[in-house]
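Remarks on the structure that follows.
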2 protein chains.
Amino acid sequence: MADSTLKQIAKELSLSVSTVSRAINGKSVVNADTKKRVLELAEKYSYTPNEVARSLQKCSTETVAVVLPDISENFFGTIVKEIDSAVSKEGYMLLLADTHERADKENKYLDMLYKRQVDALVLATVDIDGASSARFRNGGKPVIFIDNVPKAENIDAITIDNKKASFMAVEYLKSQGHKNIATIIGSKEETTGAERLEGYRDALKKLCLSENEDLIAFGDYKRESGYIAMKKLLENRENAPFSAVFVTSEKMTYGALDAIKEASLSVPEDISLIGFDVHERYKGGHKIASIRQPEEEIGKLVGKQLLSKLKNQNADGEHILLEPLLYKGDTVKAV
Amino acid sequence: MADSTLKQIAKELSLSVSTVSRAINGKSVVNADTKKRVLELAEKYSYTPNEVARSLQKCSTETVAVVLPDISENFFGTIVKEIDSAVSKEGYMLLLADTHERADKENKYLDMLYKRQVDALVLATVDIDGASSARFRNGGKPVIFIDNVPKAENIDAITIDNKKASFMAVEYLKSQGHKNIATIIGSKEETTGAERLEGYRDALKKLCLSENEDLIAFGDYKRESGYIAMKKLLENRENAPFSAVFVTSEKMTYGALDAIKEASLSVPEDISLIGFDVHERYKGGHKIASIRQPEEEIGKLVGKQLLSKLKNQNADGEHILLEPLLYKGDTVKAV
DNA sequence: CTGAAAGCGCTAACAA
DNA sequence: TTGTTAGCGCTTTCAG
């Protein structure tokens, strides 16, 4: 009834624990008959190996930690799904932690996870210098960064090319005749924010568009911050006019749209807009033009890299850059 | 450098392992001076307790398993986020598994999780008789069902009142003058599907609306199946006319809209529609009328119940029913 | 206040 | 082929 152990089975069969272990694990050669007896009794008692004990012995928990800022976002949900799919095939399971975009929580979780001896870590960090994950990396555990990549040596990461993403957005807006393009950037303390900003600036330069610091607003990835940033841009529109805006995260995009609506303006009639990570839920609705990340591909790649690193401690870190995607919706108007 | 252990610290300080353990855990009384020495050395070696060893000893992993059909759905993502939030405060972490709506995967994952000695389980099952989770429940581990609730004795569950959800949808459609109301139901093998169907039928009866089996189509919660089901309803519309449709899951709702669009029909001009679990991403867009579940509340409640059950092995199972919410969008027209 | 000893359940040499 | 021994790192009586 209660969970049985190797010891109990061994005792009942007058065998040693190791023989029972061998019979059950099938790794080593065991007499066919004793093996049969062991297996039968194990069946009868519905013996279940205790993985905790096994982990302690093997110094490996077959567990991958996944730490990210917001699991309710489709972007992260999809990535997690793919990672789980990939690693579960090899017996690994995921310990998940949601940091709510907070560095203190990230630290707390990484601490807990380290104590729990996870074998590897996938981290969408909000900690820009990589200190929070240093222990894992120094300890030789595979760490793969997604979304944000800290400034540190020898980092493994899988992200899109954020600079290129901004370039694509600006280039598309220019192709539609826009000359004054505003942007809303998430925290520039994080690489995603910093790189998207850099890409935006580079694009303006390369495409000979006018630069204006007043057309750059900042948020923190959350909806409310997109709303506030957009509102600020709109209030200052007389001084710093613009016909289009590039918003660099999904939730901020919705927030920006909230502000536009509140100001009784229309998209794309009054303002053209390109968002980020916005997915159409259904045809026939309003389609928000958006830069998107190939999240399934990211997840699959992370899973694959994880498995490979878990086997062979690959040496050097590499940052895999994927192509961003541009979806032209109906929120950009030619002017 | 490498991870230190109590043993190492004990040896270096010529103390016993137990004293070092006591000093670090602070549970028992230790001489202030030795405690200080221990703590200093622990600090110096950045000692990290091995939770795996601790778990083995304590027969508790401080881990909660969360098993669900699709983590990329906002509904589940939000629930997971809230559960994590709640239980992490007490030191628990989540092991997450995504079953892709497949009973075989669910079984496999539950097996792995059982071996890993999780302390509790939150399960959005696709296994209707509850066999997959029997071991957990018999073993006295807290199991809380969400979304689907198996037909078994003494079950703990937190869901919305699905019958009422259907009633609300039908009632609203009737109030807008609709008399022939079609529906698309997810698997009737699962309680969510069965109850929503039952609620739909009850509502028609109670509200004196005509019943017609041809107006009931089935899907499997996925988008494609909603598309196919809607297409079937539309093709048969001459025989079985309807002016409104109630679709009982988010992805099927999008699929149904796909089919409506493909048939060159408009919502709500040609067909009124109420979906399920559809959330507005942004104001100003097309608003899909929808029954919604209070997912944050569900997640918070699950977290709370989990914690309470983890402490005191509460006795009887209880099914907590929450109120569904009705959001009137612009996809229902008065006729 | 501290140490010795036993053990959580399992694995893995090493012998026999 | 099987058993013995020795842990993995920690907690927890029980003595002292």
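Residue numbering restarts at 1 in every chain; chains get A, B, ... in the order shown in the structure tokens, and ligands count up from 1 in that same order.
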Residues of segment 31-248 of chain A in helix (DSSP H, G or I), written as a PyMOL selection string: chain A and resi 32-44+51-58+74-88+103-115+131-138+162-175+191-206+213-215+223-235
Distance-based interface of chain D with chain B, 7 Å, counting only C-alpha atoms (C1' of nucleotides), as number ranges by chain: D: 9-11
Residues from last step as file, C-alpha atoms (C1' of nucleotides), as a PDB file, in the first residue's frame:
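What follows is the written file selection20.pdb:
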ATOM      1  C1'  DG D   9      24.339  15.322   2.121  1.00  0.00           C
ATOM      2  C1'  DC D  10      21.427  16.055   5.416  1.00  0.00           C
ATOM      3  C1'  DT D  11      18.356  15.600   9.837  1.00  0.00           C
TER       4       DT D  11
END
Length of the atom CA of Pro150 of chain A to atom CA of Pro69 of chain A vector [Å]: 14.9 Å
Contact residues (chain C, partner chain A, 7 Å, only C-alpha atoms (C1' of nucleotides)) as a list in words: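 Only these qualify: DG9, DC10 and DT11 of chain C.
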Distance-based interface of chain A with chain B, 8 Å, counting only C-alpha atoms, as a ChimeraX atom specification: /A:2,48-53,55-56,70-78,80-81,84-85,93-98,115-117,139,254-255,257-258,261,281-286
Gap from atom CA of Ala182 of chain A to atom CA of Lys232 of chain A - Å, one decimal: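 Computed distance, atom CA of Ala182 of chain A to atom CA of Lys232 of chain A, equals 11.3 Å.
Neighbours of DT1 of chain D closer than or equal to 8 Å, with only C-alpha atoms (C1' of nucleotides) counted and sequence neighbours fewer than 3 positions away skipped, come out as Val29, Val30 and Asn31 of chain A.
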May I have the residues from that selection written out with N, CA and C atoms, as a PDB file, in the first residue's frame?
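Listed below is the output, part-v9.pdb:
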ATOM      1  N   VAL A  29      23.662  -7.493 -15.417  1.00  0.00           N
ATOM      2  CA  VAL A  29      23.109  -8.817 -15.685  1.00  0.00           C
ATOM      3  C   VAL A  29      22.619  -9.465 -14.388  1.00  0.00           C
ATOM      4  N   VAL A  30      21.440  -9.974 -14.450  1.00  0.00           N
ATOM      5  CA  VAL A  30      20.849 -10.640 -13.290  1.00  0.00           C
ATOM      6  C   VAL A  30      20.269 -11.974 -13.749  1.00  0.00           C
ATOM      7  N   ASN A  31      20.300 -12.912 -12.888  1.00  0.00           N
ATOM      8  CA  ASN A  31      19.710 -14.215 -13.178  1.00  0.00           C
ATOM      9  C   ASN A  31      18.255 -14.032 -13.617  1.00  0.00           C
TER      10      ASN A  31
END
Nearby residues (only C-alpha atoms (C1' of nucleotides)) at most 12 Å from DT13 of chain D, same-chain spacing under 4 positions excluded, as number ranges by chain: B: 18; C: 4-7
Please save C-alpha atoms (C1' of nucleotides) of the selected residues as an mmCIF file, in the first residue's frame.
data_model
loop_
_atom_site.group_PDB
_atom_site.id
_atom_site.type_symbol
_atom_site.label_atom_id
_atom_site.label_comp_id
_atom_site.auth_asym_id
_atom_site.auth_seq_id
_atom_site.Cartn_x
_atom_site.Cartn_y
_atom_site.Cartn_z
ATOM 1 C CA SER B 18 25.216 17.924 13.448
ATOM 2 C "C1'" DA C 4 27.957 9.900 17.820
ATOM 3 C "C1'" DA C 5 25.079 7.090 15.302
ATOM 4 C "C1'" DA C 6 21.408 5.850 12.469
ATOM 5 C "C1'" DG C 7 19.022 6.368 8.401
#
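Atom CA of Glu12 of chain B is found 8.9 Å from atom CA of Leu41 of chain B.
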Residue contacts of segment 302-310 of chain A (9 Å, only C-alpha atoms (C1' of nucleotides)) excluding same-chain residues fewer than 5 positions away, as a count of residues only: 23
Which of segment 90-273 of chain B DSSP labels strand (DSSP E), written as a PyMOL selection string: chain B and resi 93-98+120-123+143-146+156-160+181-185+216-218+244-247+272-273
I need the residues from that last selection saved to file as a compact mmCIF listing (two decimals), in the first residue's frame (with N, CA and C atoms), if you can.
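Just written: part24.txt:
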# COMPACT_ATOMS: atom_id res chain seq x y z
N MET B 93 8.14 25.27 -4.93
CA MET B 93 8.35 25.61 -6.33
C MET B 93 7.49 24.71 -7.20
N LEU B 94 7.32 25.14 -8.45
CA LEU B 94 6.44 24.41 -9.35
C LEU B 94 7.19 23.57 -10.37
N LEU B 95 6.81 22.32 -10.47
CA LEU B 95 7.24 21.49 -11.58
C LEU B 95 6.11 21.52 -12.59
N LEU B 96 6.40 21.98 -13.78
CA LEU B 96 5.35 22.17 -14.77
C LEU B 96 5.42 21.15 -15.89
N ALA B 97 4.25 20.67 -16.31
CA ALA B 97 4.21 19.74 -17.44
C ALA B 97 3.03 20.07 -18.35
N ASP B 98 3.30 20.08 -19.62
CA ASP B 98 2.29 20.41 -20.63
C ASP B 98 1.92 19.14 -21.40
N ALA B 120 2.42 17.91 -3.82
CA ALA B 120 1.02 18.14 -4.17
C ALA B 120 0.91 18.26 -5.68
N LEU B 121 -0.33 18.25 -6.12
CA LEU B 121 -0.57 18.25 -7.57
C LEU B 121 -1.75 19.15 -7.92
N VAL B 122 -1.54 19.97 -8.93
CA VAL B 122 -2.64 20.72 -9.52
C VAL B 122 -2.81 20.17 -10.92
N LEU B 123 -4.01 19.76 -11.23
CA LEU B 123 -4.18 19.01 -12.47
C LEU B 123 -5.40 19.47 -13.28
N VAL B 143 -4.42 16.95 -4.05
CA VAL B 143 -4.60 17.08 -5.50
C VAL B 143 -5.75 18.04 -5.72
N ILE B 144 -5.49 19.08 -6.48
CA ILE B 144 -6.56 20.03 -6.78
C ILE B 144 -6.79 20.05 -8.28
N PHE B 145 -8.01 19.80 -8.65
CA PHE B 145 -8.36 19.81 -10.07
C PHE B 145 -8.82 21.19 -10.50
N ILE B 146 -8.41 21.55 -11.68
CA ILE B 146 -8.94 22.78 -12.26
C ILE B 146 -9.45 22.42 -13.65
N ASP B 156 -11.03 17.33 -4.78
CA ASP B 156 -10.91 18.77 -4.56
C ASP B 156 -10.82 19.45 -5.91
N ALA B 157 -11.63 20.44 -6.10
CA ALA B 157 -11.60 21.11 -7.39
C ALA B 157 -11.99 22.56 -7.27
N ILE B 158 -11.44 23.37 -8.16
CA ILE B 158 -11.79 24.78 -8.23
C ILE B 158 -12.04 25.11 -9.69
N THR B 159 -13.28 25.35 -10.01
CA THR B 159 -13.64 25.65 -11.40
C THR B 159 -14.77 26.67 -11.40
N ILE B 160 -15.11 27.12 -12.57
CA ILE B 160 -16.32 27.93 -12.65
C ILE B 160 -17.50 26.97 -12.73
N ILE B 181 -30.26 29.02 -31.53
CA ILE B 181 -28.89 29.22 -31.07
C ILE B 181 -28.08 27.94 -31.23
N ALA B 182 -27.02 28.05 -31.99
CA ALA B 182 -26.15 26.89 -32.18
C ALA B 182 -25.05 26.91 -31.13
N THR B 183 -24.36 25.79 -30.99
CA THR B 183 -23.22 25.78 -30.07
C THR B 183 -22.13 24.86 -30.57
N ILE B 184 -20.92 25.20 -30.19
CA ILE B 184 -19.78 24.33 -30.50
C ILE B 184 -19.17 23.92 -29.16
N ILE B 185 -19.15 22.64 -28.92
CA ILE B 185 -18.73 22.10 -27.64
C ILE B 185 -17.40 21.37 -27.78
N ILE B 216 -25.89 21.45 -32.60
CA ILE B 216 -24.80 21.16 -31.67
C ILE B 216 -23.65 20.53 -32.44
N ALA B 217 -22.50 21.19 -32.40
CA ALA B 217 -21.33 20.63 -33.08
C ALA B 217 -20.23 20.42 -32.06
N PHE B 218 -19.33 19.50 -32.36
CA PHE B 218 -18.28 19.19 -31.39
C PHE B 218 -16.88 19.44 -31.94
N ALA B 244 -27.47 32.74 -34.03
CA ALA B 244 -26.38 32.99 -33.08
C ALA B 244 -25.68 31.68 -32.73
N VAL B 245 -24.42 31.82 -32.33
CA VAL B 245 -23.68 30.63 -31.94
C VAL B 245 -22.87 30.90 -30.67
N PHE B 246 -22.84 29.90 -29.83
CA PHE B 246 -22.07 29.98 -28.59
C PHE B 246 -20.92 28.98 -28.69
N VAL B 247 -19.70 29.51 -28.71
CA VAL B 247 -18.53 28.63 -28.86
C VAL B 247 -17.83 28.52 -27.51
N SER B 272 -24.57 36.22 -34.87
CA SER B 272 -24.09 36.72 -33.58
C SER B 272 -23.26 35.62 -32.93
N LEU B 273 -22.27 36.04 -32.16
CA LEU B 273 -21.38 35.03 -31.58
C LEU B 273 -20.97 35.39 -30.16
Selection: 12 Å around Lys44 of chain B, only C-alpha atoms (C1' of nucleotides), excl. self and same-chain fewer than 5 positions, as a PyMOL selection string: chain B and resi 1+3-4+9+37-39
Who sits within 6 Å of Gly219 of chain B, only C-alpha atoms (C1' of nucleotides), same chain under 5 positions skipped, as an MDAnalysis selection string: chainID B and resid 185:186 225:226
